[in-house]
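To start, the structure under review is shown below, and the notes come after it.
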Amino acid sequence: MSVVEREKLLEVKNLKKYFPAGKKGVLKAVDDVSFDIYKGETLGLVGESGCGKSTTGRTIIRLYDATDGEVSYEGVDVHDKKSRSELKKFNRKMQMIFQDPYASLNPRMTVKDIIAEGIDIHGLAKTKKDRDNRVYELLETVGLNKEHANRYPHEFSGGQRQRIGIARALAVDPDFIIADEPISALDVSIQAQVVNLMMELQKERGLTYLFIAHDLSMVKHISDRVGVMYLGNIVELTSSDELYEEPLHPYTQALLSAIPVPDPELERSRERIILEGDVPSPINPPSGCRFRTRCPHAMDVCAAVKPKWQEAREGHWVACHLYDEEAVKQNN
Amino acid sequence: MEKLLELENLHVSFQTYGGEVKAVRGVSFKLDKGESLAIVGESGSGKSVTSKAIMRLLPNKIGSIKEGQIRFQGKDLAKATEREMEKIRGAEISMIFQDPMTSLNPTMTIGKQIMEGLRKHQNMSKSEAKERSINLLKLVGIPNPELRVEEYPHQFSGGMRQRVVIAIALACNPKVLIADEPTTALDVTIQAQILDLMRDLQDKTGTAIVLITHDLGVVANLAQRVAVMYGGVIVETGTVDEIFYKPKHPYTWGLLASMPKLNAESKELLAIPGTPPDLMNPPKGCPFAARCPYAMEVCMDHMPDVTDVSSSHKAACWLLDERAPKVEPPEAAVVGGAR
């Protein structure tokens with residue numbers, strides 16, 4: 001993909017999403033996150049549980065209202081107050097695939113009605129026959145068949161249900177799909193089926209994906225660029241190859257070294273960076289850099305100053321004082 | 001090596017409204033003293049049911065051992081009474097469960113839960129048991145054990161709870177530790193901590209481990225031997241190097257090929273088409289035949305025999321029959337490149 005001519009599809013600027021926690025507490029699930037998504041690419045978002053990756057996805061599609069910040073889709077602010085009809089138009093372009101295929105399909109609706117819900121809302125089918133045909137086509141696109149249309153979700157396996165979820169997302173012909181851990185509830189051999197399907201669909205339809213997951217090897221496989229989140233912040237963002245070959249942020253380095261590789265000889269010889277302790281609470285996060293409490297390279301400056309989000313190399317963004325000459329000098 | 005646990009032709013079934021589900025259909029394996037064996041398979045392959053059968057923790061009314069033996073130190077656990085099992089569970093064979101959020105009692109302090117087994121099996125006095133609990137918490141890497149022993153599970157994070165579960169399992173120095181997906185519910189950085197801890201503890205205590213998992217990365221990290229399960233049977237077993245570098249069964253190939261490799265440039269994942277068999281009506285022949293790209297006519301009707309590939313490596317596949325065509329594993333299934 002050429003760097004110069006890429007067209008921005010989605011711009012996220014200083015996005016914040018806070019939840020009330022207890023009487024006075026505030027849980028800062030997403031705290032000042034900015035990134036762009038270009039047309040036709042897959043941006044992966046990785047991080048451990050509680051880092052805010054799902055909240056970011058859900059806030060972008062307006063399942064949550066943002067506390068602060070801006071999300072613009074093709075230049076239009078998503079979180080602006082809009083009339084219902086304007087929102088509807090916008091919803092057609094952006095769809096979501098959810099994590100749990102057992103909980104995200106209504107058990108009392110047939111597969112046909114689940115998939116056609118979007119078609120009905122947006123009035124995309126003129127006749128009943130047209131509606132049926134669209135559903136059949138979608139079923140075939142995702143590798144199921146016509147006969148499945150009148151069945152109920154419980155009659156399907158996890159992988160098949162996730163295919164139904166994908167068909168539902170595709171029904172309104174969107175440009176942009178947010179996939180929130182679409183494969184983590186599935187078995188390994190089925191995961192590969194669903195990922196291959198998503199990649200094929202992207203090629204055929206020119207879709208743009210935001211792929212949220214905690215499985216770094218799968219994210220690397222599907223994504224063009226990857227952002228790493230920790231405790232509500234993005235700490236590093238670059239092309240997926242560069243992230244895996246030359247991770248800059250100490251958290252990314254630890255995360256990569258923690259993944260067990262299916263290669264016994266490599267596993268025996270590998271040096272691991274094992275992080276001490278647990279992720280701190282997002283209700284009262286550490287000052288300065290949020291990773292400093294577990295960082296093997298933490299300096300004094302890390303507690304005092306929040307690291308700048310800077311381009312350390314071309315196209316490689318990182319928020320860490322180690323790559324900020326001024327901060328290192330100050331520290332010495 | 002001394003044989004510790006030996007399963008022979010184990011069959012386990014569940015009675016459901018729809019009929020009998022044959023979850024485990026003839027599983028045999030051996031576990032030596034101090035060794036670590038991984039049982040790998042997808043959901044529904046029968047790996048967890050096998051481990052629950054060893055502990056005799058199958059749901060009372062619907063699940064039962066139909067056939068076969070579970071020999072532990074010369075005794076057949078398949079026929080043991082509940083009272084005999086009570087003496088074995090926790091003392092000789094103990095278990096770590098998948099979800100540390102639900103496997104601890106929320107109304108009891110951590111200390112009480114560790115002491116439970118010690119008081120029952122080793123007749124320790126209260127103060128002895130408490131001292132041992134504190135030592136165990138130290139052993140599994142929990143800071144300030146003297147204080148934390150008085151705390152409740154909700155005061156611990158997920159990774160810390162799993163450490164507590166491990167401490168409980170190891171309390172009475174069991175000979176076998178069954179770990180059923182011990183790190184699946186944990187984040188990767190915490191998983192790395194727990195795997196490190198388990199390896200370290202095995203070195204120190206010499207406990208044999210049966211690791212049940214679907215994650216081949218975890219297997220490569222922790223196991224010495226591997227058994228691959230599919231459709232209620234073991235389709236291939238061997239040392240960890242044999243399974244990863246010289247796999248013989250097409251299902252093992254498929255598993256290895258469907259994992260994305262971090263270090264390699266991979267274009268398309270080799271997915272295994274279709275879904276696992278329905279064990280209400282298990283196929284007559286090889287359970288993998290319906291999804292196997294190399295399936296022959298014989299595979300559909302006859303269960304393949306177990307073939308010895310080497311003294312430690314066995315596989316059940318008709319491709320290993322001398323009359324079968326020679327088939328090479330797909331490129332994507334080759335681990336570690338030229339090795």
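Order determines the names: the first chain of the structure tokens is A, the second B, and so forth; residues in each chain are numbered 1 upward, and ligands are numbered 1 upward as they are shown.
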
Quiz item: Got a sec to pull out which chain B residues are within 7 Å of chain A, counting only C-alpha atoms, and send them as a PyMOL selection string?
Solution: chain B and resi 42-43+187-189+192-193+216-218+220-221+240-241+244+255+258-262+268-272+335-336

Store the residues picked out above, limited to C-alpha atoms, as a CSV table (one decimal), in the first residue's frame.
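After the write, result24.csv holds the following:
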```
chain,number,residue,atom,x,y,z
B,42,GLU,CA,-10.5,-28.7,20.2
B,43,SER,CA,-13.7,-28.2,22.3
B,187,ASP,CA,-3.9,-12.4,29.6
B,188,VAL,CA,-0.7,-13.2,27.7
B,189,THR,CA,1.7,-11.4,30.1
B,192,ALA,CA,3.8,-16.2,30.8
B,193,GLN,CA,4.1,-15.7,34.5
B,216,LEU,CA,-0.1,-25.4,20.8
B,217,GLY,CA,2.1,-22.5,22.0
B,218,VAL,CA,1.5,-23.5,25.6
B,220,ALA,CA,5.6,-26.3,23.1
B,221,ASN,CA,6.4,-24.3,26.2
B,240,VAL,CA,6.9,-32.8,21.8
B,241,ASP,CA,9.6,-32.7,19.1
B,244,PHE,CA,5.8,-30.5,16.1
B,255,LEU,CA,-3.8,-27.9,13.7
B,258,SER,CA,-4.1,-23.2,11.0
B,259,MET,CA,-2.0,-21.3,13.5
B,260,PRO,CA,-0.6,-18.0,12.2
B,261,LYS,CA,3.2,-17.8,12.7
B,262,LEU,CA,4.6,-14.7,14.2
B,268,GLU,CA,-3.5,-17.5,3.8
B,269,LEU,CA,-4.1,-19.7,6.8
B,270,LEU,CA,-4.7,-23.3,6.0
B,271,ALA,CA,-8.1,-23.8,7.6
B,272,ILE,CA,-9.5,-27.3,8.3
B,335,VAL,CA,7.3,-25.8,12.1
B,336,GLY,CA,10.6,-24.1,12.3
```

Quiz item: Which residues in stretch 148-307 of chain A does DSSP call strand (DSSP E)? List them as a ChimeraX atom specification.
Solution: /A:176-180,208-213,225-230,233-239

Self-check item: All residues 7 Å or closer to A:Leu138, only C-alpha atoms, same chain fewer than 4 positions away omitted, as a list in words
Solution: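 Skipping anything fewer than 4 positions along the chain leaves Arg134, Val142, Ala167 and Ala171 of chain A.
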
Residue subset to file, keeping C-alpha atoms, as a PDB file, in the first residue's frame:
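Listed below is the output, again.pdb:
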```
ATOM      1  CA  ARG A 134     -30.600 -10.973  -0.650  1.00  0.00           C
ATOM      2  CA  VAL A 142     -20.223 -16.359   4.050  1.00  0.00           C
ATOM      3  CA  ALA A 167     -23.609 -11.921   6.988  1.00  0.00           C
ATOM      4  CA  ALA A 171     -26.413  -7.021   4.726  1.00  0.00           C
TER       5      ALA A 171
END
```

Practice problem: Mind checking which residues fall within 9 Å of A:Lys53, counting only C-alpha atoms, ignoring those fewer than 4 positions away in the same chain, and posting them as a list in words? | Solution: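 Neighbouring residues, sequence-local ones excluded: Ala29, Val30, Leu45, Val46, Gly47, Glu48, Ser49, Gly57, Arg58, Asp180, Ile212, Ala213, Val228, Met229, Tyr230 and Gly232 of chain A.
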
For the residues selected in the previous step, produce a file with N, CA and C atoms as a tab-separated table (two decimals), in the first residue's frame.
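This is the output file result-v3.tsv:
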```
chain	number	residue	atom	x	y	z
A	29	ALA	N	-11.72	4.42	30.90
A	29	ALA	CA	-11.53	3.24	30.05
A	29	ALA	C	-10.70	3.58	28.81
A	30	VAL	N	-11.02	4.71	28.19
A	30	VAL	CA	-10.25	5.20	27.05
A	30	VAL	C	-9.87	6.62	27.39
A	45	LEU	N	-6.12	-3.64	16.68
A	45	LEU	CA	-5.99	-3.00	17.98
A	45	LEU	C	-5.80	-4.13	19.00
A	46	VAL	N	-4.64	-4.16	19.64
A	46	VAL	CA	-4.39	-5.24	20.59
A	46	VAL	C	-4.14	-4.70	21.99
A	47	GLY	N	-4.26	-5.57	22.94
A	47	GLY	CA	-4.03	-5.20	24.33
A	47	GLY	C	-4.67	-6.23	25.21
A	48	GLU	N	-4.37	-6.18	26.50
A	48	GLU	CA	-4.92	-7.18	27.41
A	48	GLU	C	-6.29	-6.74	27.89
A	49	SER	N	-6.96	-7.61	28.62
A	49	SER	CA	-8.30	-7.25	29.06
A	49	SER	C	-8.26	-6.00	29.92
A	57	GLY	N	-13.63	0.66	20.23
A	57	GLY	CA	-14.44	0.23	19.10
A	57	GLY	C	-15.90	0.61	19.28
A	58	ARG	N	-16.42	0.38	20.47
A	58	ARG	CA	-17.82	0.64	20.72
A	58	ARG	C	-18.12	2.14	20.73
A	180	ASP	N	-14.98	-6.90	16.85
A	180	ASP	CA	-14.51	-6.91	18.24
A	180	ASP	C	-14.27	-8.35	18.69
A	212	ILE	N	-10.24	-5.83	16.46
A	212	ILE	CA	-9.86	-5.76	17.86
A	212	ILE	C	-9.64	-7.17	18.39
A	213	ALA	N	-8.50	-7.43	19.00
A	213	ALA	CA	-8.23	-8.78	19.51
A	213	ALA	C	-7.12	-8.76	20.53
A	228	VAL	N	-1.12	-0.75	19.74
A	228	VAL	CA	-1.07	-1.49	21.00
A	228	VAL	C	-1.62	-0.60	22.11
A	229	MET	N	-2.58	-1.10	22.86
A	229	MET	CA	-3.17	-0.30	23.94
A	229	MET	C	-2.77	-0.83	25.30
A	230	TYR	N	-2.63	0.09	26.24
A	230	TYR	CA	-2.37	-0.29	27.63
A	230	TYR	C	-3.09	0.69	28.53
A	232	GLY	N	-5.99	2.19	28.68
A	232	GLY	CA	-6.69	3.35	28.14
A	232	GLY	C	-5.90	4.21	27.18
```

Quiz item: Hey, what's within 12 Å of A:Leu63 if we count only C-alpha atoms and toss same-chain stuff fewer than 5 positions away? As a VMD selection string, please?
Solution: chain A and resid 17 54 to 58 78 to 79 91 94 to 96 178

Mind writing the picked residues with C-alpha atoms as a CSV table (one decimal), in the first residue's frame?
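Below you can see out.csv, which holds the result:
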```csv
chain,number,residue,atom,x,y,z
A,17,LYS,CA,-14.6,7.5,27.4
A,54,SER,CA,-13.3,-2.8,23.0
A,55,THR,CA,-14.5,0.5,24.5
A,56,THR,CA,-12.7,2.3,21.7
A,57,GLY,CA,-14.4,0.2,19.1
A,58,ARG,CA,-17.8,0.6,20.7
A,78,VAL,CA,-19.9,10.9,14.3
A,79,HIS,CA,-20.7,12.2,17.8
A,91,ASN,CA,-25.2,3.5,10.4
A,94,MET,CA,-20.4,1.3,9.6
A,95,GLN,CA,-21.2,-2.2,11.0
A,96,MET,CA,-20.0,-4.3,13.8
A,178,ILE,CA,-15.5,-3.0,13.4
```

Quiz prompt | Close residues, A:Tyr38 itself excluded, 7 Å, only C-alpha atoms, min 5 positions apart in chain, as a list in words | solution =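 Near A:Tyr38, the qualifying residues are Arg6, Glu7, Lys8, Leu9 and Leu10 of chain A.
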
Quiz item: Counting only C-alpha atoms, what is within 10 Å of stretch 130-132 of chain B, bar same-chain residues fewer than 3 positions away, as a VMD selection string?
Solution: chain B and resid 111 to 112 114 to 115 118 to 119 124 to 127 135 to 138 146 149 171 to 172

Kindly export the residues of the current selection with C-alpha atoms, as a PDB file, in the first residue's frame.
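So the final result, stored in selection_1.pdb, reads:
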```pdb
ATOM      1  CA  GLY B 111      -5.778 -19.566  53.950  1.00  0.00           C
ATOM      2  CA  LYS B 112      -8.780 -21.688  54.934  1.00  0.00           C
ATOM      3  CA  ILE B 114      -5.427 -24.086  51.291  1.00  0.00           C
ATOM      4  CA  MET B 115      -5.653 -25.566  54.787  1.00  0.00           C
ATOM      5  CA  LEU B 118      -3.853 -30.260  54.586  1.00  0.00           C
ATOM      6  CA  ARG B 119      -6.118 -30.801  57.580  1.00  0.00           C
ATOM      7  CA  MET B 124      -2.047 -31.278  60.437  1.00  0.00           C
ATOM      8  CA  SER B 125      -2.893 -29.091  63.377  1.00  0.00           C
ATOM      9  CA  LYS B 126      -4.328 -25.671  62.658  1.00  0.00           C
ATOM     10  CA  SER B 127      -1.104 -23.824  63.298  1.00  0.00           C
ATOM     11  CA  ASN B 135       4.971 -21.226  52.702  1.00  0.00           C
ATOM     12  CA  LEU B 136       2.894 -22.403  49.761  1.00  0.00           C
ATOM     13  CA  LEU B 137       1.803 -18.856  48.942  1.00  0.00           C
ATOM     14  CA  LYS B 138       5.450 -17.842  49.030  1.00  0.00           C
ATOM     15  CA  GLU B 146       1.427 -13.586  55.996  1.00  0.00           C
ATOM     16  CA  VAL B 149      -3.496 -15.646  53.756  1.00  0.00           C
ATOM     17  CA  ALA B 171      -0.560 -28.426  49.109  1.00  0.00           C
ATOM     18  CA  CYS B 172      -0.356 -32.166  49.803  1.00  0.00           C
TER      19      CYS B 172
END
```

Quiz prompt | Computed interatomic separation between atom CA of A:Glu74 and atom CA of A:Gln310 (Å) | solution =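 Calculated distance between atom CA of A:Glu74 and atom CA of A:Gln310 is 24.4 Å.
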